[in-house]
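Peer 1: This is the structure I have questions about; it appears just below.
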Amino acid sequence: SAERPPLTDEDIARHLSTYQDQVRPFFDFDKVAVRFNSEWLAGITLPKLIGILAQVPASQLLQRDDFRNRLAAGSGLTMSELIYPIAMAIDSAELACDIELGGVDQLLNMQMGRKVMEIYGQRPQMIATMPLIEGTDGTGAKMSKSKGNAVALTAPADDVFGKIMSIPDRLMVPYLRAWTEWTDAEIDAVGARLEARTLHPMDLKKVLAGEVVAALYGVPAAMAARAGFTAQFSKKSFVDVGSLPVVDLAEHGEKPATAVLATVLEFQPSASAARRVAKQNGLRLVVETGDGQESVVLAEAEAIRPLAEVVAEVLAKAGLGADGGVYLKAGRKLAQLHGVQKD
């Protein structure tokens with residue numbers, strides 16, 4: 001949408017300095033070669049460049065919507081802007097690329113790579129594009145460090161978790177598609193529940209934040225970040241909570257907690273989603289005692305066992321009585337358990 005600013009060698013070095021740290025969770029750098037296109041672009045001759053340009057129609061360079069919009073608005077469009085896709089395409093040819101990955105905004109540039117590879121007498125590369133990710137501020141602008149609307153991949157786990165918890169609710173579904181390995185069916189299901197107001201946005205946001213932290217730092221870090229966020233911002237008491245849904249263990253105690261959350265309470269869209277909540281330290285038993293409340297985390301393995309059996313074992317192991325209320329807490333949602341028995 002605007003002229004690209006020229007970068008010095010120092011600018012490039014600064015931009016590159018943390019790049020490997022940012023993407024390290026997703027690549028095995030023992031098998032990665034880092035190349036600088038100055039290896040071939042710095043020495044390219046004018047006759048060679050003219051020879052390539054002579055085989056590229058100007059109409060192909062002007063297909064970009066942003067170029068046409070700038071021209072229609074009377075904005076400047078320099079020759080360096082037009083040659084940029086050619087320079088990028090020469091990279092593909094010099095590296096003899098099999099495939100190029102990028103945002104959908106780079107589609108025409110990557111297609112130019114195929115064109116120039118043909119000029120070099122090479123088999124054209126394949127192309128895979130991904131949708132652009134909207135920034136966390138919800139303004140519609142794409143995610144960008146310079147705009148301050150990005151989630152930094154190298155930020156501490158607690159900061160990543162907190163940043164995602166602050167996003168607008170409408171971004172959760174597109175972020176689930178971009179950042180997680182959830183299936184389309186699972187994402188569509190939670191999206192429908194959000195629209196129907198049968199799923200609290202905060203509950204889903206915690207799951208999303210946990211998924212991202214787990215991808216960057218591992219599951220234990222995600223569990224700790226979630227616990228830290230909950231300890232800082234969640235209610236510590238059930239006073240004035242009002243009427244709560246009730247689970248009768250005499251009727252539903254043989255079901256695992258995951259099934260209870262999904263089918264009886266409808267706190268989660270599916271049993272697999274409930275398992276993710278447990279995996280991220282979001283499933284707890286809360287017991288009222290004479291001294292207040294005790295909270296016990298239910299691990300994923302416990303969440304798939306019969307609920308009544310797990311409740312009795314947890315109470316006995318923790319030395320807690322069932323004289324006061326016993327509650328099942330999933331994220332910020334709460335249900336009271338009736339018919340609790342202690343071994």
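Scheme for the structure tokens: letters A, B, ... for chains in order shown; per-chain residue numbers from 1; ligand numbers from 1 in order shown.
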Which residues of segment 26-121 of chain A sit at most 8 Å from segment 126-149 of chain A, using only C-alpha atoms? Give each one's shortest atom pair and distance in Å (one decimal place), in chain and ascending residue order, as a Markdown table.

Peer 2:
```
| residue | atom | partner | partner_atom | distance |
| --- | --- | --- | --- | --- |
| A:Asp98 | CA | A:Met126 | CA | 6.1 |
| A:Ile99 | CA | A:Met126 | CA | 4.4 |
| A:Glu100 | CA | A:Ile127 | CA | 5.1 |
| A:Leu101 | CA | A:Ala128 | CA | 5.0 |
| A:Gly102 | CA | A:Thr129 | CA | 5.1 |
| A:Gly103 | CA | A:Met130 | CA | 4.8 |
| A:Val104 | CA | A:Thr129 | CA | 5.0 |
| A:Asp105 | CA | A:Leu132 | CA | 7.5 |
| A:Gln106 | CA | A:Thr129 | CA | 7.8 |
| A:Leu107 | CA | A:Thr129 | CA | 6.9 |
| A:Met110 | CA | A:Ile127 | CA | 6.9 |
| A:Gln111 | CA | A:Ile127 | CA | 7.7 |
| A:Arg114 | CA | A:Met126 | CA | 7.9 |
```

Peer 1: Take the residues from that selection and write them out as a PDB file, in the first residue's frame, keeping N, CA, C and O atoms.

Peer 2:
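For reference, result_3.pdb as written:
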```pdb
ATOM      1  N   ASP A  98      11.868 -26.059  -4.700  1.00  0.00           N
ATOM      2  CA  ASP A  98      10.797 -27.012  -4.984  1.00  0.00           C
ATOM      3  C   ASP A  98       9.442 -26.427  -4.605  1.00  0.00           C
ATOM      4  O   ASP A  98       8.428 -26.680  -5.257  1.00  0.00           O
ATOM      5  N   ILE A  99       9.409 -25.665  -3.511  1.00  0.00           N
ATOM      6  CA  ILE A  99       8.157 -25.097  -3.030  1.00  0.00           C
ATOM      7  C   ILE A  99       8.474 -23.804  -2.292  1.00  0.00           C
ATOM      8  O   ILE A  99       9.534 -23.677  -1.684  1.00  0.00           O
ATOM      9  N   GLU A 100       7.569 -22.834  -2.384  1.00  0.00           N
ATOM     10  CA  GLU A 100       7.708 -21.585  -1.648  1.00  0.00           C
ATOM     11  C   GLU A 100       6.448 -21.374  -0.818  1.00  0.00           C
ATOM     12  O   GLU A 100       5.328 -21.541  -1.320  1.00  0.00           O
ATOM     13  N   LEU A 101       6.651 -20.995   0.428  1.00  0.00           N
ATOM     14  CA  LEU A 101       5.550 -20.777   1.360  1.00  0.00           C
ATOM     15  C   LEU A 101       5.451 -19.297   1.682  1.00  0.00           C
ATOM     16  O   LEU A 101       6.468 -18.614   1.805  1.00  0.00           O
ATOM     17  N   GLY A 102       4.245 -18.794   1.860  1.00  0.00           N
ATOM     18  CA  GLY A 102       4.105 -17.389   2.222  1.00  0.00           C
ATOM     19  C   GLY A 102       2.662 -16.995   2.430  1.00  0.00           C
ATOM     20  O   GLY A 102       1.736 -17.780   2.197  1.00  0.00           O
ATOM     21  N   GLY A 103       2.474 -15.750   2.883  1.00  0.00           N
ATOM     22  CA  GLY A 103       1.131 -15.215   3.037  1.00  0.00           C
ATOM     23  C   GLY A 103       0.468 -15.016   1.688  1.00  0.00           C
ATOM     24  O   GLY A 103       1.135 -14.894   0.651  1.00  0.00           O
ATOM     25  N   VAL A 104      -0.866 -14.972   1.702  1.00  0.00           N
ATOM     26  CA  VAL A 104      -1.608 -14.841   0.443  1.00  0.00           C
ATOM     27  C   VAL A 104      -1.292 -13.517  -0.241  1.00  0.00           C
ATOM     28  O   VAL A 104      -1.438 -13.389  -1.467  1.00  0.00           O
ATOM     29  N   ASP A 105      -0.797 -12.529   0.522  1.00  0.00           N
ATOM     30  CA  ASP A 105      -0.426 -11.245  -0.085  1.00  0.00           C
ATOM     31  C   ASP A 105       0.801 -11.377  -0.983  1.00  0.00           C
ATOM     32  O   ASP A 105       1.086 -10.479  -1.778  1.00  0.00           O
ATOM     33  N   GLN A 106       1.538 -12.485  -0.856  1.00  0.00           N
ATOM     34  CA  GLN A 106       2.742 -12.713  -1.665  1.00  0.00           C
ATOM     35  C   GLN A 106       2.480 -13.599  -2.877  1.00  0.00           C
ATOM     36  O   GLN A 106       3.416 -14.021  -3.564  1.00  0.00           O
ATOM     37  N   LEU A 107       1.207 -13.895  -3.165  1.00  0.00           N
ATOM     38  CA  LEU A 107       0.887 -14.856  -4.221  1.00  0.00           C
ATOM     39  C   LEU A 107       1.464 -14.434  -5.578  1.00  0.00           C
ATOM     40  O   LEU A 107       2.103 -15.231  -6.259  1.00  0.00           O
ATOM     41  N   MET A 110       5.207 -14.819  -5.695  1.00  0.00           N
ATOM     42  CA  MET A 110       5.637 -16.210  -5.797  1.00  0.00           C
ATOM     43  C   MET A 110       5.329 -16.788  -7.173  1.00  0.00           C
ATOM     44  O   MET A 110       6.073 -17.635  -7.689  1.00  0.00           O
ATOM     45  N   GLN A 111       4.242 -16.329  -7.790  1.00  0.00           N
ATOM     46  CA  GLN A 111       3.963 -16.750  -9.164  1.00  0.00           C
ATOM     47  C   GLN A 111       5.026 -16.213 -10.120  1.00  0.00           C
ATOM     48  O   GLN A 111       5.381 -16.874 -11.102  1.00  0.00           O
ATOM     49  N   ARG A 114       7.780 -18.592 -10.335  1.00  0.00           N
ATOM     50  CA  ARG A 114       7.568 -19.666 -11.315  1.00  0.00           C
ATOM     51  C   ARG A 114       7.947 -19.196 -12.718  1.00  0.00           C
ATOM     52  O   ARG A 114       8.582 -19.929 -13.485  1.00  0.00           O
TER      53      ARG A 114
END
```

Peer 1: Pick out the residues sitting within 8 Å of Val151 of chain A, and hand them over as a VMD selection string; count only C-alpha atoms, and ignore anything fewer than 4 positions along from it in its own chain.

Peer 2: chain A and resid 136 155 160 163 to 164

Peer 1: Sorted by chain and rising residue number, which residues of segment 159-194 of chain A lie within 9 Å of segment 260-273 of chain A, and what are their closest atom pairs and distances in Å to one decimal, counting only C-alpha atoms, as a tab-separated table?

Peer 2:
```
residue	atom	partner	partner_atom	distance
A:Glu186	CA	A:Pro269	CA	7.8
A:Ala189	CA	A:Pro269	CA	6.5
A:Val190	CA	A:Pro269	CA	6.0
A:Arg193	CA	A:Pro269	CA	7.5
```

Peer 1: Which neighbours of Ala225 of chain A fall inside 9 Å, counting only C-alpha atoms, when residues of the same chain fewer than 3 positions from it are skipped, and could you give them as a JSON list (two decimals) with C-alpha atoms, in the first residue's frame?

Peer 2:
```json
[["chain", "number", "residue", "atom", "x", "y", "z"],
["A", 157, "ALA", "CA", 4.88, -17.90, 28.36],
["A", 158, "ASP", "CA", 2.89, -15.78, 30.83],
["A", 159, "ASP", "CA", 3.01, -12.79, 28.47],
["A", 160, "VAL", "CA", 1.87, -14.86, 25.48],
["A", 161, "PHE", "CA", -1.02, -16.27, 27.52],
["A", 162, "GLY", "CA", -2.06, -12.85, 28.79],
["A", 210, "GLY", "CA", -2.98, -22.67, 26.31],
["A", 213, "VAL", "CA", 1.84, -21.48, 24.76],
["A", 220, "PRO", "CA", 3.87, -27.79, 31.45],
["A", 221, "ALA", "CA", 4.56, -24.14, 30.64],
["A", 222, "ALA", "CA", 1.03, -23.75, 29.29],
["A", 228, "GLY", "CA", -0.92, -18.01, 36.98],
["A", 229, "PHE", "CA", -3.53, -16.14, 34.98],
["A", 230, "THR", "CA", -6.36, -17.81, 36.90]]
```

Peer 1: For Arg123 of chain A, please output as a ChimeraX atom specification all residues within 10 Å (counting only C-alpha atoms; exclusion window: fewer than 5 positions along the same chain).

Peer 2: /A:93,96-98,114-115,117-118

Peer 1: Produce a file of the selected residues containing N, CA and C atoms, as a PDB file, in the first residue's frame.

Peer 2:
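The resulting again_2.pdb:
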```pdb
ATOM      1  N   ALA A  93      14.868 -18.938  -8.368  1.00  0.00           N
ATOM      2  CA  ALA A  93      15.635 -19.590  -9.422  1.00  0.00           C
ATOM      3  C   ALA A  93      17.039 -19.951  -8.954  1.00  0.00           C
ATOM      4  N   ALA A  96      16.846 -22.879  -6.796  1.00  0.00           N
ATOM      5  CA  ALA A  96      16.179 -24.030  -7.427  1.00  0.00           C
ATOM      6  C   ALA A  96      15.100 -24.586  -6.498  1.00  0.00           C
ATOM      7  N   CYS A  97      14.197 -23.715  -6.081  1.00  0.00           N
ATOM      8  CA  CYS A  97      13.205 -24.086  -5.062  1.00  0.00           C
ATOM      9  C   CYS A  97      12.230 -25.136  -5.581  1.00  0.00           C
ATOM     10  N   ASP A  98      11.868 -26.059  -4.700  1.00  0.00           N
ATOM     11  CA  ASP A  98      10.797 -27.012  -4.984  1.00  0.00           C
ATOM     12  C   ASP A  98       9.442 -26.427  -4.605  1.00  0.00           C
ATOM     13  N   ARG A 114       7.780 -18.592 -10.335  1.00  0.00           N
ATOM     14  CA  ARG A 114       7.568 -19.666 -11.315  1.00  0.00           C
ATOM     15  C   ARG A 114       7.947 -19.196 -12.718  1.00  0.00           C
ATOM     16  N   LYS A 115       7.560 -17.947 -13.044  1.00  0.00           N
ATOM     17  CA  LYS A 115       7.853 -17.411 -14.378  1.00  0.00           C
ATOM     18  C   LYS A 115       9.359 -17.313 -14.611  1.00  0.00           C
ATOM     19  N   MET A 117      11.758 -18.879 -13.021  1.00  0.00           N
ATOM     20  CA  MET A 117      12.370 -20.206 -13.048  1.00  0.00           C
ATOM     21  C   MET A 117      12.242 -20.828 -14.435  1.00  0.00           C
ATOM     22  N   GLU A 118      11.125 -20.588 -15.113  1.00  0.00           N
ATOM     23  CA  GLU A 118      10.979 -21.076 -16.489  1.00  0.00           C
ATOM     24  C   GLU A 118      11.991 -20.386 -17.414  1.00  0.00           C
TER      25      GLU A 118
END
```

Peer 1: Please return, as a list in words, all residues of segment 47-142 of chain A that DSSP assigns to strand (DSSP E) on the basis of the backbone.

Peer 2: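 Those residues are Ile99, Glu100, Leu101, Gly102, Gly103, Met126, Ile127, Ala128, Thr129 and Met130 of chain A.
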
Peer 1: Return as number ranges by chain the full set of residues in segment 89-313 of chain A whose backbone-based DSSP assignment is alpha helix (DSSP H).

Peer 2: A: 89-95, 107-119, 157-165, 172-179, 184-196, 201-217, 219-233, 249-252, 257-259, 271-279, 300-303, 307-313

Peer 1: If you count only C-alpha atoms, which residues fall within 7 Å of segment 19-31 of chain A, apart from same-chain ones fewer than 4 positions away, as a ChimeraX atom specification?

Peer 2: /A:153-154,216

Peer 1: Residues of the last selection are to be written out with all heavy atoms, as a PDB file, in the first residue's frame.

Peer 2:
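The new file out11.pdb reads:
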```pdb
ATOM      1  N   LEU A 153       6.680 -14.328  19.411  1.00  0.00           N
ATOM      2  CA  LEU A 153       6.973 -15.751  19.594  1.00  0.00           C
ATOM      3  C   LEU A 153       8.028 -15.991  20.667  1.00  0.00           C
ATOM      4  O   LEU A 153       8.123 -17.093  21.200  1.00  0.00           O
ATOM      5  CB  LEU A 153       7.441 -16.362  18.270  1.00  0.00           C
ATOM      6  CG  LEU A 153       6.427 -16.346  17.126  1.00  0.00           C
ATOM      7  CD1 LEU A 153       7.035 -16.977  15.882  1.00  0.00           C
ATOM      8  CD2 LEU A 153       5.155 -17.076  17.514  1.00  0.00           C
ATOM      9  N   THR A 154       8.830 -14.974  20.954  1.00  0.00           N
ATOM     10  CA  THR A 154       9.877 -15.139  21.966  1.00  0.00           C
ATOM     11  C   THR A 154       9.495 -14.524  23.303  1.00  0.00           C
ATOM     12  O   THR A 154      10.312 -14.497  24.222  1.00  0.00           O
ATOM     13  CB  THR A 154      11.188 -14.500  21.475  1.00  0.00           C
ATOM     14  OG1 THR A 154      10.939 -13.137  21.090  1.00  0.00           O
ATOM     15  CG2 THR A 154      11.750 -15.262  20.291  1.00  0.00           C
ATOM     16  N   LEU A 216       4.691 -23.303  21.757  1.00  0.00           N
ATOM     17  CA  LEU A 216       5.955 -22.579  21.856  1.00  0.00           C
ATOM     18  C   LEU A 216       6.866 -23.112  22.954  1.00  0.00           C
ATOM     19  O   LEU A 216       8.081 -23.183  22.796  1.00  0.00           O
ATOM     20  CB  LEU A 216       5.692 -21.090  22.111  1.00  0.00           C
ATOM     21  CG  LEU A 216       5.003 -20.316  20.991  1.00  0.00           C
ATOM     22  CD1 LEU A 216       4.639 -18.910  21.459  1.00  0.00           C
ATOM     23  CD2 LEU A 216       5.885 -20.245  19.762  1.00  0.00           C
TER      24      LEU A 216
END
```

Peer 1: Considering only C-alpha atoms, state which residue in the set A:Val173, A:Leu334, A:Val340, A:Ala196 is at the smallest distance from Ala316 of chain A.

Peer 2: A:Val340

Peer 1: Give me the residues within 8 Å of Leu208 of chain A as a PyMOL selection string, counting only C-alpha atoms and dropping any in the same chain fewer than 6 places off.

Peer 2: chain A and resi 164+172+175-176+180

Peer 1: Using the selection just defined, write its residues with N, CA and C atoms as a PDB file, in the first residue's frame.

Peer 2:
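Final output, saved to part_5.pdb:
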```pdb
ATOM      1  N   ILE A 164      -3.049 -13.149  24.546  1.00  0.00           N
ATOM      2  CA  ILE A 164      -4.151 -13.799  23.848  1.00  0.00           C
ATOM      3  C   ILE A 164      -5.457 -13.645  24.630  1.00  0.00           C
ATOM      4  N   MET A 172     -11.259 -15.257  18.022  1.00  0.00           N
ATOM      5  CA  MET A 172     -10.904 -16.588  18.518  1.00  0.00           C
ATOM      6  C   MET A 172     -11.016 -17.657  17.442  1.00  0.00           C
ATOM      7  N   TYR A 175      -8.233 -17.368  14.871  1.00  0.00           N
ATOM      8  CA  TYR A 175      -6.965 -17.730  15.494  1.00  0.00           C
ATOM      9  C   TYR A 175      -6.879 -19.245  15.717  1.00  0.00           C
ATOM     10  N   LEU A 176      -7.983 -19.871  16.069  1.00  0.00           N
ATOM     11  CA  LEU A 176      -7.976 -21.327  16.207  1.00  0.00           C
ATOM     12  C   LEU A 176      -7.590 -21.987  14.884  1.00  0.00           C
ATOM     13  N   THR A 180      -3.785 -23.537  15.641  1.00  0.00           N
ATOM     14  CA  THR A 180      -3.931 -24.828  16.310  1.00  0.00           C
ATOM     15  C   THR A 180      -4.085 -25.947  15.292  1.00  0.00           C
TER      16      THR A 180
END
```

Peer 1: Measuring atom to atom with only C-alpha atoms, identify which of A:Ala185, A:Val287, A:Leu307, A:Ala214 is nearest to Gly253 of chain A.

Peer 2: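 Among A:Ala185, A:Val287, A:Leu307, A:Ala214, it is A:Leu307 that comes nearest to Gly253 of chain A.
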
Peer 1: Within 8 Å of Gly325 of chain A, counting only C-alpha atoms, which residues show up once you throw out same-chain ones fewer than 3 positions away? Write them as a PyMOL selection string, please.

Peer 2: chain A and resi 287-288+322+336-337
